[in-house]
>>> print(open('my_file.cif').read())   # mmCIF, C-alpha atoms
data_target
#
loop_
_atom_site.group_PDB
_atom_site.id
_atom_site.type_symbol
_atom_site.label_atom_id
_atom_site.label_comp_id
_atom_site.auth_asym_id
_atom_site.auth_seq_id
_atom_site.Cartn_x
_atom_site.Cartn_y
_atom_site.Cartn_z
ATOM 1 C CA MET A 1 19.600 -1.928 26.237
ATOM 2 C CA LYS A 2 16.543 -3.945 27.215
ATOM 3 C CA THR A 3 15.969 -7.344 25.740
ATOM 4 C CA PRO A 4 12.424 -8.656 25.473
ATOM 5 C CA SER A 5 11.491 -11.427 27.859
ATOM 6 C CA PRO A 6 10.562 -14.847 26.472
ATOM 7 C CA ASP A 7 6.876 -14.284 27.266
ATOM 8 C CA GLY A 8 6.852 -11.006 25.270
ATOM 9 C CA ALA A 9 5.979 -8.809 28.265
ATOM 10 C CA GLY A 10 9.252 -6.858 28.359
ATOM 11 C CA GLY A 11 8.765 -4.445 25.462
ATOM 12 C CA GLY A 12 5.015 -3.903 25.711
ATOM 13 C CA ALA A 13 5.242 -0.478 27.306
ATOM 14 C CA GLU A 14 7.628 0.728 24.605
ATOM 15 C CA ARG A 15 5.503 -0.524 21.719
ATOM 16 C CA GLY A 16 2.156 0.602 23.122
ATOM 17 C CA ARG A 17 3.371 4.146 23.606
ATOM 18 C CA ALA A 18 1.585 6.794 21.573
ATOM 19 C CA GLY A 19 3.169 10.032 20.570
ATOM 20 C CA PRO A 20 4.702 12.037 17.786
ATOM 21 C CA GLY A 21 6.582 10.027 15.207
ATOM 22 C CA ARG A 22 5.011 6.714 16.211
ATOM 23 C CA ASP A 23 3.480 5.777 12.838
ATOM 24 C CA LEU A 24 3.837 8.250 10.019
ATOM 25 C CA SER A 25 2.877 5.981 7.115
ATOM 26 C CA PRO A 26 -0.763 7.231 6.815
ATOM 27 C CA LEU A 27 0.462 10.818 6.934
ATOM 28 C CA LEU A 28 3.121 10.175 4.287
ATOM 29 C CA ALA A 29 0.624 8.338 2.075
ATOM 30 C CA GLY A 30 -1.767 11.270 2.317
ATOM 31 C CA ALA A 31 0.965 13.786 1.533
ATOM 32 C CA ALA A 32 2.125 11.729 -1.464
ATOM 33 C CA THR A 33 -1.444 11.514 -2.744
ATOM 34 C CA ALA A 34 -1.888 15.263 -2.359
ATOM 35 C CA VAL A 35 1.354 16.042 -4.215
ATOM 36 C CA GLY A 36 0.491 13.572 -6.987
ATOM 37 C CA THR A 37 -3.023 14.958 -7.366
ATOM 38 C CA ALA A 38 -1.660 18.498 -7.469
ATOM 39 C CA GLY A 39 0.828 17.448 -10.152
ATOM 40 C CA ALA A 40 -1.883 15.895 -12.306
ATOM 41 C CA ALA A 41 -4.120 18.951 -11.837
ATOM 42 C CA LEU A 42 -1.296 21.369 -12.705
ATOM 43 C CA ALA A 43 -0.428 19.391 -15.835
ATOM 44 C CA LEU A 44 -4.030 19.084 -17.006
ATOM 45 C CA THR A 45 -4.809 22.764 -16.480
ATOM 46 C CA GLY A 46 -1.624 23.942 -18.193
ATOM 47 C CA SER A 47 -0.582 26.031 -15.224
ATOM 48 C CA GLY A 48 2.595 28.058 -15.423
ATOM 49 C CA SER A 49 3.526 27.268 -11.828
ATOM 50 C CA PRO A 50 7.150 26.335 -11.095
ATOM 51 C CA LEU A 51 5.811 23.316 -9.173
ATOM 52 C CA ARG A 52 4.176 21.892 -12.302
ATOM 53 C CA GLY A 53 7.218 19.912 -13.456
ATOM 54 C CA PRO A 54 8.276 18.279 -10.178
ATOM 55 C CA CYS A 55 4.719 17.514 -9.062
ATOM 56 C CA THR A 56 3.780 16.068 -12.462
ATOM 57 C CA LEU A 57 6.896 13.916 -12.465
ATOM 58 C CA PHE A 58 5.999 12.724 -8.973
ATOM 59 C CA PHE A 59 2.494 11.831 -10.188
ATOM 60 C CA LEU A 60 3.886 9.945 -13.188
ATOM 61 C CA LEU A 61 6.018 7.817 -10.843
ATOM 62 C CA PHE A 62 3.666 7.598 -7.851
ATOM 63 C CA ALA A 63 0.375 6.611 -9.521
ATOM 64 C CA PRO A 64 1.600 3.513 -11.380
ATOM 65 C CA ALA A 65 3.979 2.565 -8.558
ATOM 66 C CA ALA A 66 1.124 2.599 -6.034
ATOM 67 C CA ALA A 67 -1.069 0.494 -8.320
ATOM 68 C CA ILE A 68 1.717 -2.019 -8.970
ATOM 69 C CA ALA A 69 2.595 -2.168 -5.266
ATOM 70 C CA ALA A 70 -1.033 -2.993 -4.478
ATOM 71 C CA ALA A 71 -0.876 -5.852 -6.986
ATOM 72 C CA LEU A 72 2.323 -7.200 -5.409
ATOM 73 C CA TRP A 73 1.066 -7.254 -1.829
ATOM 74 C CA GLY A 74 2.662 -10.633 -1.041
ATOM 75 C CA LEU A 75 6.268 -9.482 -1.531
ATOM 76 C CA ASP A 76 8.434 -8.097 1.227
ATOM 77 C CA LEU A 77 8.701 -4.310 1.512
ATOM 78 C CA TYR A 78 11.984 -3.780 -0.349
ATOM 79 C CA GLY A 79 11.045 -6.124 -3.179
ATOM 80 C CA ARG A 80 7.663 -4.436 -3.580
ATOM 81 C CA VAL A 81 9.169 -0.915 -3.580
ATOM 82 C CA LEU A 82 11.868 -1.778 -6.104
ATOM 83 C CA THR A 83 9.528 -3.693 -8.393
ATOM 84 C CA SER A 84 6.798 -1.067 -8.281
ATOM 85 C CA LEU A 85 9.200 1.786 -9.073
ATOM 86 C CA ALA A 86 10.736 -0.164 -11.951
ATOM 87 C CA GLY A 87 7.255 -1.027 -13.227
ATOM 88 C CA ALA A 88 6.216 2.625 -13.022
ATOM 89 C CA VAL A 89 9.195 3.697 -15.128
ATOM 90 C CA VAL A 90 8.439 0.949 -17.666
ATOM 91 C CA LEU A 91 4.768 1.963 -17.848
ATOM 92 C CA ASP A 92 5.696 5.623 -18.357
ATOM 93 C CA MET A 93 8.139 4.699 -21.110
ATOM 94 C CA LEU A 94 5.592 2.476 -22.860
ATOM 95 C CA VAL A 95 2.966 5.226 -22.770
ATOM 96 C CA ALA A 96 5.452 7.758 -24.163
ATOM 97 C CA GLN A 97 6.655 5.364 -26.862
ATOM 98 C CA GLY A 98 3.093 4.489 -27.862
ATOM 99 C CA MET A 99 2.054 8.130 -28.064
ATOM 100 C CA LEU A 100 5.137 9.007 -30.112
ATOM 101 C CA ALA A 101 4.553 6.050 -32.438
ATOM 102 C CA VAL A 102 1.057 7.271 -33.322
ATOM 103 C CA HIS A 103 2.207 10.935 -33.488
ATOM 104 C CA HIS A 104 -0.126 12.090 -30.696
ATOM 105 C CA TRP A 105 2.356 13.107 -28.011
ATOM 106 C CA SER A 106 1.183 15.651 -25.440
ATOM 107 C CA VAL A 107 1.818 16.167 -21.759
ATOM 108 C CA ARG A 108 -1.897 16.154 -20.967
ATOM 109 C CA GLY A 109 -2.448 12.991 -22.979
ATOM 110 C CA GLY A 110 0.431 11.254 -21.224
ATOM 111 C CA VAL A 111 -0.856 12.198 -17.777
ATOM 112 C CA VAL A 112 -4.366 11.003 -18.664
ATOM 113 C CA ALA A 113 -3.060 7.733 -20.151
ATOM 114 C CA VAL A 114 -0.901 6.961 -17.110
ATOM 115 C CA ALA A 115 -3.777 7.843 -14.764
ATOM 116 C CA VAL A 116 -6.236 5.599 -16.618
ATOM 117 C CA ILE A 117 -3.832 2.643 -16.813
ATOM 118 C CA SER A 118 -2.942 3.023 -13.121
ATOM 119 C CA LEU A 119 -6.600 3.223 -12.158
ATOM 120 C CA LEU A 120 -7.462 0.130 -14.213
ATOM 121 C CA LEU A 121 -4.599 -1.791 -12.628
ATOM 122 C CA LEU A 122 -5.676 -0.713 -9.154
ATOM 123 C CA LEU A 123 -9.323 -1.606 -9.849
ATOM 124 C CA SER A 124 -8.301 -5.043 -11.115
ATOM 125 C CA VAL A 125 -6.576 -5.722 -7.780
ATOM 126 C CA LEU A 126 -9.457 -4.598 -5.551
ATOM 127 C CA PRO A 127 -11.741 -7.629 -6.061
ATOM 128 C CA ARG A 128 -8.886 -9.958 -5.136
ATOM 129 C CA GLY A 129 -8.261 -8.024 -1.920
ATOM 130 C CA GLU A 130 -11.970 -8.036 -1.119
ATOM 131 C CA TYR A 131 -12.021 -11.807 -1.604
ATOM 132 C CA ARG A 132 -9.050 -12.200 0.750
ATOM 133 C CA SER A 133 -10.712 -10.124 3.457
ATOM 134 C CA ARG A 134 -13.957 -12.135 3.168
ATOM 135 C CA LYS A 135 -12.025 -15.409 3.247
ATOM 136 C CA ASN A 136 -10.120 -14.342 6.389
ATOM 137 C CA SER A 137 -13.284 -13.165 8.153
ATOM 138 C CA HIS A 138 -14.952 -16.592 7.730
ATOM 139 C CA ASN A 139 -12.016 -18.470 9.326
#
>>> encode(input="my_file.cif", output="C-alpha cells")
Amino acid sequence: MKTPSPDGAGGGAERGRAGPGRDLSPLLAGAATAVGTAGAALALTGSGSPLRGPCTLFFLLFAPAAAIAAALWGLDLYGRVLTSLAGAVVLDMLVAQGMLAVHHWSVRGGVVAVAVISLLLLLSVLPRGEYRSRKNSHN
C-alpha cells in the first residue's frame, strides 16, 4: 500500500489516470434525469406501460430532491442527500394533501404540481449560484 509523500507527488499518477469507472457522476446524473423525464412523460400521457409506476415514482422523488440538494450546496454529501430526500418526501406529501383537501386529486395534476414547485425552487437557487461564481472570478 503506497502512502502519499509529504509534497503530494506520490499519488499523482494514480489520480491522473483516465479510464473506465474513473468518474461516473455525470453519467449517473444523466441517467437519473432520463429516467425521471420518462416517468413524467409516461404519467402525463397516461401510458399503460409497466414502467409508468416506477419511473413516475422516481420522478416524484428525484425532481424535488435535486432542487433541494442544489439549495443546500454548502452541506456535506451525506447531509445533503439525507435532507434532500426527506424534503422530497415532505413536498410530495404536501402536494398530495393539498390536492386531496381541495378535492382535485389526479396523478397528472400531482406530477405537474411537483414539477412546477421543483422548477421554481431550482430557479430560485440559480441567481445565488451565479452570484457566487461571479464573486469567485473577481478574486
>>> axis_aligned_box(input="my_file.cif", around="range 114-130 of chain A", padding_each_side="4 Å", output="lines of an AutoDock Vina configuration file")
center_x = -6.4
center_y = -1.1
center_z = -9.1
size_x = 19.1
size_y = 25.8
size_z = 24.0
>>> resolve_selection(input="my_file.cif", expression="the PyMOL selection byres ((chain A and resi 71) around 9)", output="list in words")
Ala66, Ala67, Ile68, Ala69, Ala70, Leu72, Trp73, Gly74, Leu121, Leu122, Ser124, Val125 and Leu126 of chain A
>>> closest_residue(input="my_file.cif", among="A:Ala63, A:Val89, A:Leu75, A:Val81", to="Ile117 in chain A", atoms="only C-alpha atoms")
A:Ala63
>>> residues_around(input="my_file.cif", residues="Ala41 in chain A", least_positions_apart="5", cutoff="9 Å", atoms="only C-alpha atoms", output="list in words")
Gly36, Gly46, Ser47, Arg52 and Thr56 of chain A
>>> residues_around(input="my_file.cif", residues="Ala32 in chain A", least_positions_apart="3", cutoff="9 Å", atoms="all atoms listed in the file", output="JSON, numbers by chain")
{"A": [27, 28, 29, 35, 36, 37, 58, 59, 62]}
>>> residues_around(input="my_file.cif", residues="range 100-112 of chain A", least_positions_apart="3", cutoff="8 Å", atoms="all atoms listed in the file", output="list in words")
Ala40, Ala43, Leu44, Leu60, Val95, Ala96, Gln97, Ala115 and Val116 of chain A
>>> atom_distance(input="my_file.cif", atom1="CA of Tyr78 in chain A", atom2="CA of Pro127 in chain A")
24.7 Å
>>> atom_distance(input="my_file.cif", atom1="CA of Ala86 in chain A", atom2="CA of Asp23 in chain A")
26.5 Å
>>> atom_distance(input="my_file.cif", atom1="CA of Ser84 in chain A", atom2="CA of Leu61 in chain A")
9.3 Å
>>> residues_around(input="my_file.cif", residues="Leu91 in chain A", least_positions_apart="4", cutoff="8 Å", atoms="all atoms listed in the file", output="JSON, numbers by chain")
{"A": [64, 87, 95, 114]}
>>> build_atoms(input="my_file.cif", residues="range 46-76 of chain A", atoms="N, CA and C atoms", output="compact mmCIF listing (two decimals), keeping the file's coordinate frame")
# COMPACT_ATOMS: atom_id res chain seq x y z
N GLY A 46 -2.62 23.16 -17.46
CA GLY A 46 -1.62 23.94 -18.19
C GLY A 46 -1.09 25.11 -17.39
N SER A 47 -1.04 24.97 -16.11
CA SER A 47 -0.58 26.03 -15.22
C SER A 47 0.88 26.38 -15.50
N GLY A 48 1.23 27.61 -15.25
CA GLY A 48 2.60 28.06 -15.42
C GLY A 48 3.38 28.02 -14.12
N SER A 49 2.89 27.32 -13.14
CA SER A 49 3.53 27.27 -11.83
C SER A 49 4.89 26.57 -11.90
N PRO A 50 5.86 27.03 -11.12
CA PRO A 50 7.15 26.34 -11.10
C PRO A 50 7.07 24.94 -10.47
N LEU A 51 5.99 24.64 -9.77
CA LEU A 51 5.81 23.32 -9.17
C LEU A 51 5.21 22.31 -10.15
N ARG A 52 4.82 22.78 -11.33
CA ARG A 52 4.18 21.89 -12.30
C ARG A 52 5.07 20.72 -12.69
N GLY A 53 6.31 20.97 -13.02
CA GLY A 53 7.22 19.91 -13.46
C GLY A 53 7.50 18.87 -12.39
N PRO A 54 7.98 19.28 -11.21
CA PRO A 54 8.28 18.28 -10.18
C PRO A 54 7.04 17.51 -9.70
N CYS A 55 5.92 18.20 -9.54
CA CYS A 55 4.72 17.51 -9.06
C CYS A 55 4.17 16.56 -10.12
N THR A 56 4.24 16.95 -11.39
CA THR A 56 3.78 16.07 -12.46
C THR A 56 4.68 14.85 -12.57
N LEU A 57 5.97 15.04 -12.45
CA LEU A 57 6.90 13.92 -12.46
C LEU A 57 6.62 12.98 -11.29
N PHE A 58 6.34 13.54 -10.13
CA PHE A 58 6.00 12.72 -8.97
C PHE A 58 4.73 11.92 -9.24
N PHE A 59 3.73 12.55 -9.85
CA PHE A 59 2.49 11.83 -10.19
C PHE A 59 2.78 10.70 -11.16
N LEU A 60 3.60 10.96 -12.18
CA LEU A 60 3.89 9.94 -13.19
C LEU A 60 4.65 8.76 -12.61
N LEU A 61 5.36 8.94 -11.51
CA LEU A 61 6.02 7.82 -10.84
C LEU A 61 5.14 7.21 -9.74
N PHE A 62 4.42 8.06 -9.01
CA PHE A 62 3.67 7.60 -7.85
C PHE A 62 2.41 6.80 -8.23
N ALA A 63 1.65 7.27 -9.20
CA ALA A 63 0.38 6.61 -9.52
C ALA A 63 0.58 5.17 -9.98
N PRO A 64 1.42 4.92 -11.00
CA PRO A 64 1.60 3.51 -11.38
C PRO A 64 2.34 2.69 -10.32
N ALA A 65 3.25 3.31 -9.60
CA ALA A 65 3.98 2.56 -8.56
C ALA A 65 3.03 2.12 -7.45
N ALA A 66 2.09 2.97 -7.07
CA ALA A 66 1.12 2.60 -6.03
C ALA A 66 0.22 1.48 -6.52
N ALA A 67 -0.20 1.54 -7.78
CA ALA A 67 -1.07 0.49 -8.32
C ALA A 67 -0.32 -0.84 -8.42
N ILE A 68 0.92 -0.79 -8.85
CA ILE A 68 1.72 -2.02 -8.97
C ILE A 68 2.03 -2.58 -7.58
N ALA A 69 2.32 -1.70 -6.63
CA ALA A 69 2.60 -2.17 -5.27
C ALA A 69 1.38 -2.85 -4.66
N ALA A 70 0.19 -2.35 -4.98
CA ALA A 70 -1.03 -2.99 -4.48
C ALA A 70 -1.20 -4.39 -5.08
N ALA A 71 -0.77 -4.54 -6.33
CA ALA A 71 -0.88 -5.85 -6.99
C ALA A 71 0.15 -6.84 -6.43
N LEU A 72 1.24 -6.35 -5.91
CA LEU A 72 2.32 -7.20 -5.41
C LEU A 72 2.32 -7.28 -3.89
N TRP A 73 1.17 -7.33 -3.28
CA TRP A 73 1.07 -7.25 -1.83
C TRP A 73 1.81 -8.37 -1.11
N GLY A 74 2.02 -9.52 -1.72
CA GLY A 74 2.66 -10.63 -1.04
C GLY A 74 4.17 -10.51 -0.89
N LEU A 75 4.81 -9.63 -1.62
CA LEU A 75 6.27 -9.48 -1.53
C LEU A 75 6.67 -8.73 -0.27
N ASP A 76 7.94 -8.88 0.11
CA ASP A 76 8.43 -8.10 1.23
C ASP A 76 8.55 -6.64 0.81
